$ cat protein.pdb   # PDB, C-alpha atoms, pLDDT in the B column
MODEL        1
ATOM      1  CA  MET F 503       9.519  22.705  11.661  1.00 91.00           C
ATOM      2  CA  THR F 504      11.748  20.114  10.048  1.00 93.00           C
ATOM      3  CA  ALA F 505      13.273  17.145  11.852  1.00 96.00           C
ATOM      4  CA  LEU F 506      16.515  15.931  10.313  1.00 97.00           C
ATOM      5  CA  MET F 507      18.103  12.525  10.761  1.00 97.00           C
ATOM      6  CA  ILE F 508      21.748  12.595   9.652  1.00 97.00           C
ATOM      7  CA  PHE F 509      23.735   9.365   9.207  1.00 95.00           C
ATOM      8  CA  VAL F 510      27.496   9.707   8.740  1.00 94.00           C
ATOM      9  CA  ASP F 511      30.485   7.375   8.879  1.00 91.00           C
ATOM     10  CA  ALA F 512      31.801   7.627  12.435  1.00 92.00           C
ATOM     11  CA  ASP F 513      35.229   8.741  11.233  1.00 90.00           C
ATOM     12  CA  ARG F 514      33.578  11.777   9.562  1.00 90.00           C
ATOM     13  CA  ALA F 515      31.235  12.694  12.438  1.00 93.00           C
ATOM     14  CA  ARG F 516      33.263  15.708  13.620  1.00 94.00           C
ATOM     15  CA  ASP F 517      32.807  17.367  10.214  1.00 93.00           C
ATOM     16  CA  VAL F 518      29.030  17.102  10.575  1.00 94.00           C
ATOM     17  CA  GLU F 519      29.191  18.282  14.183  1.00 94.00           C
ATOM     18  CA  ARG F 520      31.115  21.387  13.094  1.00 94.00           C
ATOM     19  CA  LEU F 521      28.390  22.169  10.561  1.00 94.00           C
ATOM     20  CA  LEU F 522      25.679  21.715  13.195  1.00 94.00           C
ATOM     21  CA  GLU F 523      27.522  24.054  15.578  1.00 92.00           C
ATOM     22  CA  ALA F 524      28.145  26.657  12.857  1.00 92.00           C
ATOM     23  CA  ARG F 525      24.446  26.810  11.872  1.00 88.00           C
ATOM     24  CA  ASN F 526      23.450  28.093  15.333  1.00 81.00           C
ATOM     25  CA  LEU F 527      20.623  25.561  15.655  1.00 86.00           C
ATOM     26  CA  PRO F 528      18.778  25.307  18.982  1.00 85.00           C
ATOM     27  CA  GLY F 529      20.315  21.886  19.623  1.00 93.00           C
ATOM     28  CA  TYR F 530      20.985  18.396  18.341  1.00 96.00           C
ATOM     29  CA  THR F 531      21.323  14.846  19.612  1.00 96.00           C
ATOM     30  CA  GLU F 532      24.282  12.627  18.752  1.00 97.00           C
ATOM     31  CA  ILE F 533      24.146   8.846  18.939  1.00 97.00           C
ATOM     32  CA  PRO F 534      27.647   7.452  18.355  1.00 95.00           C
ATOM     33  CA  ASN F 535      28.544   3.917  17.310  1.00 93.00           C
ATOM     34  CA  VAL F 536      25.325   3.037  15.522  1.00 94.00           C
ATOM     35  CA  LEU F 537      25.651  -0.467  14.091  1.00 94.00           C
ATOM     36  CA  GLY F 538      23.733  -2.048  11.229  1.00 91.00           C
ATOM     37  CA  LYS F 539      23.552  -2.835   7.555  1.00 90.00           C
ATOM     38  CA  GLY F 540      22.961  -0.481   4.674  1.00 84.00           C
ATOM     39  CA  ARG F 541      23.462  -0.161   0.962  1.00 80.00           C
ATOM     40  CA  THR F 542      27.257  -0.200   1.352  1.00 78.00           C
ATOM     41  CA  GLY F 543      27.247  -3.274   3.593  1.00 85.00           C
ATOM     42  CA  ARG F 544      27.445  -4.066   7.283  1.00 90.00           C
ATOM     43  CA  LYS F 545      29.039  -1.834   9.908  1.00 89.00           C
ATOM     44  CA  LEU F 546      29.202  -3.839  13.096  1.00 91.00           C
ATOM     45  CA  GLY F 547      32.427  -2.595  14.662  1.00 88.00           C
ATOM     46  CA  THR F 548      34.041  -6.029  14.259  1.00 91.00           C
ATOM     47  CA  ARG F 549      37.057  -7.288  12.366  1.00 92.00           C
ATOM     48  CA  ALA F 550      34.786  -8.921   9.781  1.00 92.00           C
ATOM     49  CA  PHE F 551      32.517  -5.858   9.472  1.00 92.00           C
ATOM     50  CA  PRO F 552      34.532  -2.833  10.638  1.00 91.00           C
ATOM     51  CA  GLY F 553      33.276   0.661  11.199  1.00 89.00           C
ATOM     52  CA  SER F 554      30.207   2.279  12.621  1.00 93.00           C
ATOM     53  CA  THR F 555      27.891   5.174  11.933  1.00 94.00           C
ATOM     54  CA  THR F 556      27.087   8.261  13.974  1.00 96.00           C
ATOM     55  CA  LEU F 557      23.483   9.433  13.957  1.00 97.00           C
ATOM     56  CA  TYR F 558      22.483  13.046  14.566  1.00 97.00           C
ATOM     57  CA  PHE F 559      18.951  14.345  15.149  1.00 97.00           C
ATOM     58  CA  THR F 560      17.974  17.990  15.043  1.00 96.00           C
ATOM     59  CA  VAL F 561      14.761  19.994  14.707  1.00 95.00           C
ATOM     60  CA  ALA F 562      14.799  23.439  13.156  1.00 92.00           C
ATOM     61  CA  PRO F 563      12.563  25.905  11.345  1.00 92.00           C
ATOM     62  CA  ARG F 564      12.386  25.002   7.656  1.00 90.00           C
ATOM     63  CA  PRO F 565      14.785  27.717   6.382  1.00 91.00           C
ATOM     64  CA  GLU F 566      17.509  26.734   8.870  1.00 91.00           C
ATOM     65  CA  GLY F 567      16.987  23.047   8.105  1.00 92.00           C
ATOM     66  CA  ASP F 568      17.268  23.735   4.376  1.00 93.00           C
ATOM     67  CA  GLY F 569      20.495  25.660   4.981  1.00 94.00           C
ATOM     68  CA  LEU F 570      21.958  22.760   6.955  1.00 95.00           C
ATOM     69  CA  VAL F 571      21.016  20.299   4.213  1.00 95.00           C
ATOM     70  CA  ALA F 572      22.725  22.521   1.633  1.00 96.00           C
ATOM     71  CA  ALA F 573      25.893  22.621   3.767  1.00 95.00           C
ATOM     72  CA  LEU F 574      25.803  18.837   4.215  1.00 95.00           C
ATOM     73  CA  ARG F 575      25.312  18.354   0.467  1.00 93.00           C
ATOM     74  CA  ALA F 576      28.351  20.561  -0.219  1.00 93.00           C
ATOM     75  CA  LEU F 577      30.382  18.493   2.269  1.00 92.00           C
ATOM     76  CA  ARG F 578      29.353  15.262   0.569  1.00 90.00           C
ATOM     77  CA  ASP F 579      29.967  16.636  -2.913  1.00 90.00           C
ATOM     78  CA  SER F 580      33.446  17.832  -1.952  1.00 89.00           C
ATOM     79  CA  ARG F 581      34.349  14.275  -0.980  1.00 82.00           C
ATOM     80  CA  GLY F 582      32.680  12.378  -3.813  1.00 76.00           C
ATOM     81  CA  PRO F 583      29.750   9.971  -4.081  1.00 67.00           C
ATOM     82  CA  ALA F 584      31.402   7.361  -1.847  1.00 66.00           C
ATOM     83  CA  GLU F 585      31.138   9.654   1.188  1.00 70.00           C
ATOM     84  CA  GLY F 586      29.054   7.899   3.844  1.00 84.00           C
ATOM     85  CA  LEU F 587      26.514  10.653   4.496  1.00 91.00           C
ATOM     86  CA  LYS F 588      22.716  10.416   4.307  1.00 92.00           C
ATOM     87  CA  VAL F 589      20.076  12.900   5.460  1.00 95.00           C
ATOM     88  CA  TYR F 590      16.352  12.309   5.932  1.00 96.00           C
ATOM     89  CA  ALA F 591      13.814  15.029   6.713  1.00 96.00           C
ATOM     90  CA  PHE F 592      10.429  14.805   8.387  1.00 95.00           C
ATOM     91  CA  ASN F 593       7.804  17.433   9.013  1.00 93.00           C
ATOM     92  CA  SER F 594       7.732  17.952  12.737  1.00 92.00           C
ATOM     93  CA  GLU F 595       5.325  19.434  15.257  1.00 90.00           C
ATOM     94  CA  GLU F 596       6.118  20.010  18.925  1.00 89.00           C
ATOM     95  CA  LEU F 597       3.386  18.370  20.995  1.00 92.00           C
ATOM     96  CA  LEU F 598       4.664  18.844  24.551  1.00 92.00           C
TER      97      LEU F 598
ENDMDL
END

$ encode --input "protein.pdb" --output "structure tokens"
Amino acid sequence: MTALMIFVDADRARDVERLLEARNLPGYTEIPNVLGKGRTGRKLGTRAFPGSTTLYFTVAPRPEGDGLVAALRALRDSRGPAEGLKVYAFNSEELL
């Protein structure tokens, strides 16, 4: 199994959610309004540092996870390198 952590600019979150729904995955978790600092600067939801990130987690068999990553890569590539979208994968094992 593959666990995916998907970070996306909050104003683009619905595009990622549509991809998650279309892939027929068993489920996902959405954490809206994630605040912090990254390579492109701070996103603190304030006037000085506007914006926020939405974080999605999902766990899927490797082939389905690879398919989702390919769809996310196509989304990012269609919008250019400035698109605020990052994906991290972890090997995952269900313990309980």

$ resolve_selection --input "protein.pdb" --expression "the PyMOL selection byres ((chain F and resi 569) around 12)" --output "VMD selection string"
chain F and resid 504 506 521 to 522 524 to 527 562 to 568 570 to 576

$ resolve_selection --input "protein.pdb" --expression "the PyMOL selection byres ((chain F and resi 559-561) around 10)" --output "PyMOL selection string"
chain F and resi 503-509+522+527-533+557-558+562-564+566-567+589-596

$ resolve_selection --input "protein.pdb" --expression "the PyMOL selection byres ((chain F and resi 534-544) around 8)" --output "PyMOL selection string"
chain F and resi 512+532-533+545-547+551-552+554-557

$ closest_residue --input "protein.pdb" --among "F:Glu523, F:Gly586, F:Ser580, F:Thr548" --to "Asp511 in chain F" --atoms "all atoms listed in the file"
F:Gly586

$ atom_distance --input "protein.pdb" --atom1 "CA of Gly582 in chain F" --atom2 "CA of Ala515 in chain F"
16.3 Å

$ build_atoms --input "protein.pdb" --residues "range 530-545 of chain F" --atoms "N, CA and C atoms" --output "short mmCIF file (atom, residue, chain, number, x, y, z; two decimals), in the coordinates of the input"
data_model
loop_
_atom_site.label_atom_id
_atom_site.label_comp_id
_atom_site.auth_asym_id
_atom_site.auth_seq_id
_atom_site.Cartn_x
_atom_site.Cartn_y
_atom_site.Cartn_z
N TYR F 530 20.97 19.64 19.10
CA TYR F 530 20.98 18.40 18.34
C TYR F 530 21.30 17.26 19.30
N THR F 531 21.01 16.06 18.86
CA THR F 531 21.32 14.85 19.61
C THR F 531 22.27 14.01 18.78
N GLU F 532 23.31 13.49 19.42
CA GLU F 532 24.28 12.63 18.75
C GLU F 532 24.21 11.23 19.36
N ILE F 533 24.09 10.24 18.50
CA ILE F 533 24.15 8.85 18.94
C ILE F 533 25.35 8.22 18.24
N PRO F 534 26.45 8.02 18.97
CA PRO F 534 27.65 7.45 18.36
C PRO F 534 27.56 5.93 18.26
N ASN F 535 28.40 5.37 17.42
CA ASN F 535 28.54 3.92 17.31
C ASN F 535 27.25 3.19 16.99
N VAL F 536 26.52 3.71 16.00
CA VAL F 536 25.32 3.04 15.52
C VAL F 536 25.77 1.90 14.60
N LEU F 537 25.27 0.72 14.86
CA LEU F 537 25.65 -0.47 14.09
C LEU F 537 24.49 -0.93 13.22
N GLY F 538 24.80 -1.55 12.08
CA GLY F 538 23.73 -2.05 11.23
C GLY F 538 24.22 -2.37 9.84
N LYS F 539 23.26 -2.49 8.94
CA LYS F 539 23.55 -2.84 7.56
C LYS F 539 22.83 -1.86 6.64
N GLY F 540 23.54 -1.40 5.64
CA GLY F 540 22.96 -0.48 4.67
C GLY F 540 23.38 -0.86 3.27
N ARG F 541 23.17 0.07 2.37
CA ARG F 541 23.46 -0.16 0.96
C ARG F 541 24.93 -0.50 0.72
N THR F 542 25.82 0.05 1.54
CA THR F 542 27.26 -0.20 1.35
C THR F 542 27.75 -1.40 2.15
N GLY F 543 26.86 -2.09 2.84
CA GLY F 543 27.25 -3.27 3.59
C GLY F 543 27.04 -3.12 5.09
N ARG F 544 27.60 -4.05 5.83
CA ARG F 544 27.44 -4.07 7.28
C ARG F 544 28.52 -3.22 7.95
N LYS F 545 28.12 -2.55 9.03
CA LYS F 545 29.04 -1.83 9.91
C LYS F 545 28.70 -2.29 11.31
#
